[in-house]
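Engineer: Please find coords_27.pdb (PDB, C-alpha atoms and all ligand atoms) on the next line:
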MODEL        1
ATOM      1  CA  MET A 259     -62.941  33.751 -36.462
ATOM      2  CA  LYS A 260     -61.941  32.636 -32.968
ATOM      3  CA  ASN A 261     -58.825  30.554 -32.891
ATOM      4  CA  ASN A 262     -57.254  28.238 -30.437
ATOM      5  CA  LEU A 263     -54.002  29.999 -29.652
ATOM      6  CA  ASN A 264     -53.553  29.838 -25.909
ATOM      7  CA  HIS A 265     -53.921  33.419 -24.692
ATOM      8  CA  ASN A 266     -51.509  32.740 -21.837
ATOM      9  CA  ASN A 267     -48.774  31.171 -23.852
ATOM     10  CA  SER A 268     -46.463  33.845 -25.199
ATOM     11  CA  GLN A 269     -44.043  31.198 -26.485
ATOM     12  CA  ASN A 270     -46.310  30.751 -29.483
ATOM     13  CA  LEU A 271     -46.124  34.402 -30.405
ATOM     14  CA  PRO A 272     -43.660  36.217 -32.593
ATOM     15  CA  LYS A 273     -41.569  38.549 -30.433
ATOM     16  CA  HIS A 274     -42.371  41.607 -32.485
ATOM     17  CA  ILE A 275     -45.434  42.453 -34.572
ATOM     18  CA  ALA A 276     -45.668  45.638 -36.649
ATOM     19  CA  ILE A 277     -48.973  47.016 -37.903
ATOM     20  CA  ILE A 278     -49.950  49.467 -40.627
ATOM     21  CA  MET A 279     -53.304  50.640 -39.298
ATOM     22  CA  ASP A 280     -55.158  51.482 -42.500
ATOM     23  CA  GLY A 281     -58.791  52.088 -43.408
ATOM     24  CA  ASN A 282     -60.072  54.590 -40.829
ATOM     25  CA  GLY A 283     -61.376  56.896 -43.560
ATOM     26  CA  ARG A 284     -63.193  54.117 -45.431
ATOM     27  CA  TRP A 285     -64.678  52.817 -42.188
ATOM     28  CA  ALA A 286     -66.153  56.273 -41.523
ATOM     29  CA  LYS A 287     -67.363  56.664 -45.116
ATOM     30  CA  LYS A 288     -69.236  53.364 -44.974
ATOM     31  CA  LYS A 289     -71.062  54.682 -41.925
ATOM     32  CA  PHE A 290     -71.669  58.146 -43.444
ATOM     33  CA  LEU A 291     -69.499  59.656 -40.719
ATOM     34  CA  PRO A 292     -66.719  62.273 -40.976
ATOM     35  CA  ARG A 293     -63.157  60.943 -41.344
ATOM     36  CA  THR A 294     -62.423  62.155 -37.792
ATOM     37  CA  ALA A 295     -64.894  59.594 -36.487
ATOM     38  CA  GLY A 296     -62.890  56.908 -38.305
ATOM     39  CA  HIS A 297     -59.656  58.026 -36.686
ATOM     40  CA  LYS A 298     -61.346  58.156 -33.292
ATOM     41  CA  ALA A 299     -62.617  54.612 -33.747
ATOM     42  CA  GLY A 300     -59.105  53.676 -34.934
ATOM     43  CA  ALA A 301     -57.539  55.081 -31.774
ATOM     44  CA  ASN A 302     -60.060  53.100 -29.743
ATOM     45  CA  ALA A 303     -59.256  49.903 -31.624
ATOM     46  CA  LEU A 304     -55.577  50.498 -30.896
ATOM     47  CA  LYS A 305     -56.235  51.077 -27.193
ATOM     48  CA  ASN A 306     -58.105  47.774 -26.900
ATOM     49  CA  LEU A 307     -55.562  45.861 -28.952
ATOM     50  CA  VAL A 308     -52.640  47.153 -26.889
ATOM     51  CA  THR A 309     -54.311  45.993 -23.658
ATOM     52  CA  GLU A 310     -54.940  42.558 -25.161
ATOM     53  CA  CYS A 311     -51.430  42.258 -26.613
ATOM     54  CA  ASP A 312     -49.988  42.964 -23.177
ATOM     55  CA  LYS A 313     -52.279  40.314 -21.676
ATOM     56  CA  ILE A 314     -51.195  37.599 -24.095
ATOM     57  CA  GLY A 315     -47.527  38.359 -23.454
ATOM     58  CA  LEU A 316     -46.453  39.952 -26.741
ATOM     59  CA  LYS A 317     -43.062  41.624 -26.268
ATOM     60  CA  HIS A 318     -43.015  44.336 -28.973
ATOM     61  CA  LEU A 319     -45.788  45.970 -30.995
ATOM     62  CA  THR A 320     -44.966  48.748 -33.448
ATOM     63  CA  VAL A 321     -47.820  50.772 -34.937
ATOM     64  CA  TYR A 322     -47.727  53.314 -37.758
ATOM     65  CA  ALA A 323     -49.663  56.240 -36.306
ATOM     66  CA  PHE A 324     -48.455  59.160 -38.458
ATOM     67  CA  SER A 325     -46.114  59.067 -41.428
ATOM     68  CA  THR A 326     -43.811  61.762 -42.791
ATOM     69  CA  GLU A 327     -46.216  61.852 -45.764
ATOM     70  CA  ASN A 328     -49.347  62.328 -43.632
ATOM     71  CA  TRP A 329     -48.580  66.079 -43.329
ATOM     72  CA  LYS A 330     -49.929  66.364 -46.895
ATOM     73  CA  ARG A 331     -53.461  65.676 -45.641
ATOM     74  CA  PRO A 332     -55.840  68.632 -45.109
ATOM     75  CA  GLU A 333     -54.799  70.756 -42.123
ATOM     76  CA  GLU A 334     -58.004  69.941 -40.278
ATOM     77  CA  GLU A 335     -57.370  66.179 -40.517
ATOM     78  CA  VAL A 336     -53.736  66.589 -39.401
ATOM     79  CA  ASN A 337     -54.949  68.614 -36.390
ATOM     80  CA  ASP A 338     -57.545  65.976 -35.583
ATOM     81  CA  LEU A 339     -54.914  63.229 -35.690
ATOM     82  CA  MET A 340     -52.542  65.255 -33.481
ATOM     83  CA  ASN A 341     -55.328  65.896 -30.968
ATOM     84  CA  LEU A 342     -56.172  62.200 -30.879
ATOM     85  CA  LEU A 343     -52.534  61.465 -30.219
ATOM     86  CA  ARG A 344     -52.436  64.018 -27.412
ATOM     87  CA  GLU A 345     -55.437  62.357 -25.837
ATOM     88  CA  TYR A 346     -54.013  58.875 -26.368
ATOM     89  CA  LEU A 347     -50.651  59.725 -24.815
ATOM     90  CA  GLN A 348     -52.263  61.595 -21.903
ATOM     91  CA  ASN A 349     -54.440  58.572 -21.236
ATOM     92  CA  PHE A 350     -51.313  56.457 -21.041
ATOM     93  CA  VAL A 351     -49.703  58.905 -18.615
ATOM     94  CA  ASN A 352     -52.834  58.790 -16.419
ATOM     95  CA  GLU A 353     -52.907  55.010 -16.445
ATOM     96  CA  ALA A 354     -49.151  54.392 -16.225
ATOM     97  CA  ASP A 355     -49.331  53.418 -12.555
ATOM     98  CA  ARG A 356     -51.981  50.835 -13.266
ATOM     99  CA  ASN A 357     -50.408  49.022 -16.182
ATOM    100  CA  ASN A 358     -47.105  47.457 -17.122
ATOM    101  CA  ILE A 359     -46.764  48.766 -20.684
ATOM    102  CA  LYS A 360     -43.619  50.508 -21.864
ATOM    103  CA  VAL A 361     -44.026  53.173 -24.548
ATOM    104  CA  ASN A 362     -41.413  54.191 -27.116
ATOM    105  CA  VAL A 363     -41.717  56.483 -30.088
ATOM    106  CA  ILE A 364     -39.840  56.209 -33.387
ATOM    107  CA  GLY A 365     -39.721  58.939 -36.018
ATOM    108  CA  ASP A 366     -38.597  62.555 -36.061
ATOM    109  CA  ILE A 367     -40.529  64.014 -33.157
ATOM    110  CA  SER A 368     -38.709  67.355 -33.416
ATOM    111  CA  LYS A 369     -41.295  68.417 -36.030
ATOM    112  CA  LEU A 370     -44.226  67.877 -33.629
ATOM    113  CA  ASP A 371     -45.761  70.581 -31.411
ATOM    114  CA  ILE A 372     -43.626  71.141 -28.326
ATOM    115  CA  ASP A 373     -46.348  69.985 -25.925
ATOM    116  CA  LEU A 374     -46.554  66.675 -27.792
ATOM    117  CA  GLN A 375     -42.778  66.286 -27.716
ATOM    118  CA  ASN A 376     -42.833  66.874 -23.962
ATOM    119  CA  LYS A 377     -45.676  64.415 -23.508
ATOM    120  CA  ILE A 378     -43.692  61.767 -25.394
ATOM    121  CA  LEU A 379     -40.597  62.373 -23.265
ATOM    122  CA  GLU A 380     -42.691  62.256 -20.086
ATOM    123  CA  LEU A 381     -44.325  58.992 -21.112
ATOM    124  CA  THR A 382     -41.144  57.245 -22.225
ATOM    125  CA  GLU A 383     -39.436  58.260 -18.979
ATOM    126  CA  LEU A 384     -42.443  57.229 -16.896
ATOM    127  CA  THR A 385     -42.672  53.775 -18.470
ATOM    128  CA  LYS A 386     -39.011  52.966 -19.151
ATOM    129  CA  ASN A 387     -38.770  50.294 -16.435
ATOM    130  CA  LYS A 388     -42.033  48.540 -17.279
ATOM    131  CA  THR A 389     -41.647  44.896 -18.126
ATOM    132  CA  GLY A 390     -44.840  44.178 -20.104
ATOM    133  CA  LEU A 391     -45.566  44.993 -23.729
ATOM    134  CA  ASN A 392     -43.216  47.443 -25.423
ATOM    135  CA  LEU A 393     -45.513  49.641 -27.512
ATOM    136  CA  ILE A 394     -43.578  51.476 -30.204
ATOM    137  CA  ILE A 395     -45.532  54.288 -31.827
ATOM    138  CA  ALA A 396     -44.239  55.472 -35.206
ATOM    139  CA  LEU A 397     -44.867  59.220 -35.268
ATOM    140  CA  ASN A 398     -43.771  61.512 -38.058
ATOM    141  CA  TYR A 399     -42.019  58.342 -39.135
ATOM    142  CA  GLY A 400     -40.727  57.529 -42.610
ATOM    143  CA  ALA A 401     -38.244  54.735 -43.210
ATOM    144  CA  ARG A 402     -36.237  56.752 -45.732
ATOM    145  CA  ASP A 403     -36.136  59.698 -43.346
ATOM    146  CA  GLU A 404     -34.975  57.386 -40.555
ATOM    147  CA  ILE A 405     -32.179  56.007 -42.748
ATOM    148  CA  ILE A 406     -31.061  59.490 -43.817
ATOM    149  CA  ARG A 407     -31.019  60.658 -40.196
ATOM    150  CA  ALA A 408     -28.941  57.583 -39.313
ATOM    151  CA  VAL A 409     -26.510  58.326 -42.163
ATOM    152  CA  LYS A 410     -26.097  61.900 -40.894
ATOM    153  CA  LYS A 411     -25.412  60.698 -37.349
ATOM    154  CA  ILE A 412     -22.906  58.073 -38.466
ATOM    155  CA  SER A 413     -21.179  60.556 -40.811
ATOM    156  CA  ASN A 414     -20.649  62.908 -37.881
ATOM    157  CA  GLU A 415     -19.104  60.086 -35.865
ATOM    158  CA  VAL A 416     -16.776  59.349 -38.782
ATOM    159  CA  LEU A 417     -15.848  63.039 -39.031
ATOM    160  CA  GLU A 418     -15.149  63.138 -35.308
ATOM    161  CA  GLY A 419     -12.919  60.068 -35.692
ATOM    162  CA  LYS A 420     -15.106  57.876 -33.466
ATOM    163  CA  ILE A 421     -15.778  55.323 -36.223
ATOM    164  CA  LYS A 422     -13.759  54.384 -39.303
ATOM    165  CA  ALA A 423     -15.831  54.410 -42.504
ATOM    166  CA  ASN A 424     -14.438  50.979 -43.335
ATOM    167  CA  ASP A 425     -15.681  49.574 -40.060
ATOM    168  CA  ILE A 426     -19.322  50.396 -40.757
ATOM    169  CA  SER A 427     -21.282  47.148 -40.819
ATOM    170  CA  GLU A 428     -24.978  46.302 -40.673
ATOM    171  CA  ASP A 429     -24.609  45.945 -36.916
ATOM    172  CA  THR A 430     -22.944  49.317 -36.416
ATOM    173  CA  PHE A 431     -25.385  51.047 -38.776
ATOM    174  CA  GLU A 432     -28.406  49.631 -36.955
ATOM    175  CA  LYS A 433     -27.305  51.360 -33.770
ATOM    176  CA  PHE A 434     -28.093  54.700 -35.429
ATOM    177  CA  LEU A 435     -31.642  53.778 -36.394
ATOM    178  CA  ASP A 436     -34.608  54.771 -34.221
ATOM    179  CA  THR A 437     -35.225  51.088 -33.517
ATOM    180  CA  TYR A 438     -31.853  50.463 -31.875
ATOM    181  CA  ASN A 439     -32.255  47.711 -29.262
ATOM    182  CA  ILE A 440     -35.603  46.538 -30.633
ATOM    183  CA  PRO A 441     -35.540  43.189 -32.492
ATOM    184  CA  ASP A 442     -36.764  43.287 -36.108
ATOM    185  CA  PRO A 443     -40.476  42.539 -36.553
ATOM    186  CA  GLU A 444     -41.205  38.941 -37.448
ATOM    187  CA  LEU A 445     -44.707  39.716 -38.655
ATOM    188  CA  LEU A 446     -46.088  42.793 -40.415
ATOM    189  CA  ILE A 447     -49.839  43.230 -40.634
ATOM    190  CA  ARG A 448     -51.611  45.741 -42.898
ATOM    191  CA  THR A 449     -55.353  46.223 -42.703
ATOM    192  CA  SER A 450     -57.904  47.468 -45.264
ATOM    193  CA  GLY A 451     -56.848  45.360 -48.252
ATOM    194  CA  GLU A 452     -53.937  47.564 -49.328
ATOM    195  CA  GLN A 453     -50.722  45.669 -49.990
ATOM    196  CA  ARG A 454     -47.969  48.263 -49.764
ATOM    197  CA  LEU A 455     -45.211  49.105 -47.308
ATOM    198  CA  SER A 456     -45.730  52.891 -47.451
ATOM    199  CA  ASN A 457     -42.235  53.742 -46.219
ATOM    200  CA  PHE A 458     -42.613  51.745 -42.985
ATOM    201  CA  LEU A 459     -39.551  50.072 -41.418
ATOM    202  CA  ASN A 460     -37.866  49.427 -44.786
ATOM    203  CA  TRP A 461     -34.581  48.413 -43.165
ATOM    204  CA  GLN A 462     -36.077  46.334 -40.360
ATOM    205  CA  ILE A 463     -38.455  44.209 -42.440
ATOM    206  CA  ALA A 464     -35.795  42.503 -44.582
ATOM    207  CA  TYR A 465     -36.933  39.046 -43.373
ATOM    208  CA  THR A 466     -40.390  39.867 -42.004
ATOM    209  CA  GLU A 467     -43.477  37.861 -42.979
ATOM    210  CA  PHE A 468     -46.340  39.964 -44.374
ATOM    211  CA  TYR A 469     -50.023  39.453 -43.610
ATOM    212  CA  PHE A 470     -52.745  41.452 -45.332
ATOM    213  CA  THR A 471     -56.376  41.552 -44.286
ATOM    214  CA  ASP A 472     -59.425  43.288 -45.768
ATOM    215  CA  LYS A 473     -60.636  44.303 -42.311
ATOM    216  CA  LEU A 474     -60.668  48.056 -41.826
ATOM    217  CA  TRP A 475     -58.511  49.184 -38.910
ATOM    218  CA  PRO A 476     -61.328  50.239 -36.509
ATOM    219  CA  ASP A 477     -62.777  46.708 -36.835
ATOM    220  CA  PHE A 478     -59.470  44.940 -36.188
ATOM    221  CA  ASN A 479     -59.191  43.200 -32.802
ATOM    222  CA  ILE A 480     -57.134  40.642 -30.866
ATOM    223  CA  ASP A 481     -58.827  37.669 -32.576
ATOM    224  CA  ASP A 482     -57.762  39.086 -35.948
ATOM    225  CA  LEU A 483     -54.221  39.470 -34.664
ATOM    226  CA  LEU A 484     -54.188  35.898 -33.372
ATOM    227  CA  GLU A 485     -55.497  34.706 -36.735
ATOM    228  CA  ALA A 486     -52.544  36.480 -38.393
ATOM    229  CA  VAL A 487     -50.229  34.743 -35.908
ATOM    230  CA  GLU A 488     -51.718  31.346 -36.824
ATOM    231  CA  ILE A 489     -50.963  32.019 -40.510
ATOM    232  CA  PHE A 490     -47.488  33.269 -39.588
ATOM    233  CA  LYS A 491     -46.801  29.976 -37.817
ATOM    234  CA  THR A 492     -47.493  28.035 -41.012
ATOM    235  CA  ARG A 493     -44.866  30.012 -42.945
ATOM    236  CA  ASN A 494     -41.541  28.423 -43.635
ATOM    237  CA  ARG A 495     -38.989  31.099 -42.779
ATOM    238  CA  ARG A 496     -35.686  30.260 -44.404
ATOM    239  CA  PHE A 497     -33.715  33.529 -44.067
ATOM    240  CA  GLY A 498     -32.053  32.938 -47.423
ATOM    241  CA  GLU A 499     -31.154  29.336 -46.684
ATOM    242  CA  ILE A 500     -32.740  26.305 -48.342
TER     243      ILE A 500
HETATM  244  C1  LIG B   1     -55.043  55.226 -41.937
HETATM  245  O1  LIG B   1     -56.380  55.491 -42.179
HETATM  246  C2  LIG B   1     -54.593  55.590 -40.623
HETATM  247  C3  LIG B   1     -53.828  56.670 -40.280
HETATM  248  C4  LIG B   1     -53.558  57.829 -41.133
HETATM  249  C5  LIG B   1     -53.139  56.744 -39.013
HETATM  250  C6  LIG B   1     -53.568  55.801 -37.962
HETATM  251  C7  LIG B   1     -54.221  56.528 -36.899
HETATM  252  C8  LIG B   1     -54.977  55.974 -35.931
HETATM  253  C9  LIG B   1     -55.207  54.532 -35.781
HETATM  254  C10 LIG B   1     -55.674  56.818 -34.949
HETATM  255  C11 LIG B   1     -54.831  57.662 -34.108
HETATM  256  C12 LIG B   1     -53.636  56.980 -33.577
HETATM  257  C13 LIG B   1     -53.213  57.090 -32.328
HETATM  258  C14 LIG B   1     -51.931  56.443 -31.899
HETATM  259  C15 LIG B   1     -53.984  57.827 -31.330
HETATM  260  P1  LIG B   1     -56.718  56.325 -43.484
HETATM  261  O2  LIG B   1     -57.161  57.679 -43.038
HETATM  262  O3  LIG B   1     -55.574  56.322 -44.423
HETATM  263  O4  LIG B   1     -57.911  55.487 -44.048
HETATM  264  P2  LIG B   1     -58.390  55.436 -45.572
HETATM  265  O5  LIG B   1     -57.241  54.868 -46.371
HETATM  266  O6  LIG B   1     -59.563  54.504 -45.521
HETATM  267  O7  LIG B   1     -58.768  56.833 -45.969
ENDMDL
END
Would you encode the structure as C-alpha cells?
Ligand code: FPP

Structural biologist:
Amino acid sequence: MKNNLNHNNSQNLPKHIAIIMDGNGRWAKKKFLPRTAGHKAGANALKNLVTECDKIGLKHLTVYAFSTENWKRPEEEVNDLMNLLREYLQNFVNEADRNNIKVNVIGDISKLDIDLQNKILELTELTKNKTGLNLIIALNYGARDEIIRAVKKISNEVLEGKIKANDISEDTFEKFLDTYNIPDPELLIRTSGEQRLSNFLNWQIAYTEFYFTDKLWPDFNIDDLLEAVEIFKTRNRRFGEI
C-alpha cells in the first residue's frame, strides 16, 4: 500500500524506529532456496531501507542483526550471517564518503572475530561526524546481557567510589547501557507475523508502540515502514497518564 506521508517531511516521523528483521528463513523456504539466500535477500532489504530512511529524514534506526541466542544456530548459518555482516560493513566503509549515514553498533562485540571488531571500530570512527540517519546495528546483542554488563560497570564505579549506590537512578543507570545518548525507540516493528520481543531492547522499549506485520523481512520496504508510521500516528500515547 502506498501512503501519503510526505517523504521530505521528517517532522511527521518518530525520531527512532527499531526493527526485528524476522522471516528470512521462511522467505527462502517459500522459494525453495537455502536459508543463506534468505539472509542475503534480508541484507539487501536492509541496505535499501537504510538508504530510504536517510532520504526521508529519520534520525535513528536500530536493527536486530544478530542476537546473543543466534549462536545456537548451525555453525554454517552463523558463518554465513557473519560473512554477510562483513560484506555489509565493508560496503558501508567503501561508500562512507558518498553518504551521510552514521553507524553505531550495540551488543557485546568482544565475542566477534577480531577482523569484524576492527571493521566496526573503523566504520564507527569513519562515520562519527555524519549528520544523516544514525543506523544502530544490534550485533551479538541481548537485552538481558546488556543490562548485566551495565550492572557490572556500575558496580565497579560504586566500588571505586565514583558513584554512591543510593544515587543510582534510571538516568544514571541508562548511561551504562549500550544505547547511551540514543533516545528510546518510539516505534518497534517486527516482521513475519511473530509477536515477541526476543530479548531486544527490554529496557528501552518501556513506552514504545509495537507494530507487527506478516510481511517477511526480505519483502519489507520503505512503503511498509511508512505504513507502520501512519498506524503509529493514530496511537494515543499516554505515558502512564490519563
Ligand atoms: C531472522 O530470520 C533474521 C536474522 C537471524 C537476522 C537478520 C539478518 C539479516 C537481515 C541479514 C544480515 C544482516 C546484516 C546487517 C548484514 P530467520 O532466519 O529467523 O527467519 P525464519 O524465522 O523465517 O527462519

Engineer: Can you work out the spacing between atom C4 of ligand LIG 1 (chain B) and atom CA of Lys433 of chain A in Å, to one decimal?

Structural biologist: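 Spanning atom C4 of ligand LIG 1 (chain B) to atom CA of Lys433 of chain A is a straight-line distance of 28.0 Å.
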
Engineer: Suppose a student applies the PyMOL selection byres (((not hetatm)) within 8 of (chain B and resi 1)) to this structure; what residues should they get, written as a PyMOL selection string?

Structural biologist: chain A and resi 278-286+293+296-304+321-325+328+339-340+342-347+395+450+474-476

Engineer: Could you tell me which residues the PyMOL selection byres (((chain A and resi 436) around 9) and not hetatm) grabs in this file, written as a ChimeraX atom specification?

Structural biologist: /A:363-366,404-405,408,432-435,437-439

Engineer: Taking into account all atoms listed in the file, which residue in the set A:Leu291, A:Ala401, A:Ile275, A:Leu319 is nearest to Ser456 of chain A?

Structural biologist: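 Ranked by minimum distance to Ser456 of chain A, first place goes to A:Ala401.
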
Engineer: Please compute the atom CA of Thr326 of chain A-atom CA of Phe458 of chain A distance, one decimal, in Å.

Structural biologist: 10.1 Å

Engineer: Using only C-alpha atoms, pick whichever of A:Arg402, A:Lys491, A:Lys330, A:Lys360 has the shortest atom-to-atom distance to Glu383 of chain A.

Structural biologist: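 The answer is A:Lys360, which sits nearest to Glu383 of chain A.
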
Engineer: Need to verify the contact set: Phe470 of chain A, 9 Å, only C-alpha atoms, exclusion of same-chain residues closer than 2 positions in sequence. Can you return it as a list in words?

Structural biologist: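 What passes the distance filter is Leu446, Ile447, Arg448, Thr449, Ser450, Gly451, Glu452, Gln453, Phe468, Asp472, Lys473 and Ala486 of chain A.
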
Engineer: Written as number ranges by chain, what is the full residue list that the PyMOL selection byres (((chain A and resi 311) around 10) and not hetatm) yields on the file shown?

Structural biologist: A: 265, 268, 275, 306-310, 312-319, 359, 390-393, 479-480, 483-484

Engineer: For a quick check of understanding, using only C-alpha atoms, which of A:Phe431, A:Gly400, A:Lys377, A:Ile500 has the smallest distance to Glu415 of chain A?

Structural biologist: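 Closest candidate: A:Phe431.
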
Engineer: Find the residue from A:Ser368, A:Asn460, A:Thr382, A:Trp329 that sits nearest to Val351 of chain A; use all atoms listed in the file when measuring.

Structural biologist: A:Thr382

Engineer: What separation in Å, quoted to one decimal, exists between atom CA of Gln348 of chain A and atom CA of Ile367 of chain A?

Structural biologist: 16.4 Å

Engineer: With distances taken over only C-alpha atoms, which residue among A:Asn349, A:Ala464, A:Glu334, A:Asp403 lies nearest Lys305 of chain A?

Structural biologist: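 Comparing A:Asn349, A:Ala464, A:Glu334, A:Asp403 against Lys305 of chain A, the winner is A:Asn349.
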
Engineer: Would you mind telling me which residue in A:Ser413, A:Gln375, A:Thr294, A:Asn494 lies nearest to Thr466 of chain A when using only C-alpha atoms?

Structural biologist: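 Smallest distance to Thr466 of chain A is found for A:Asn494.
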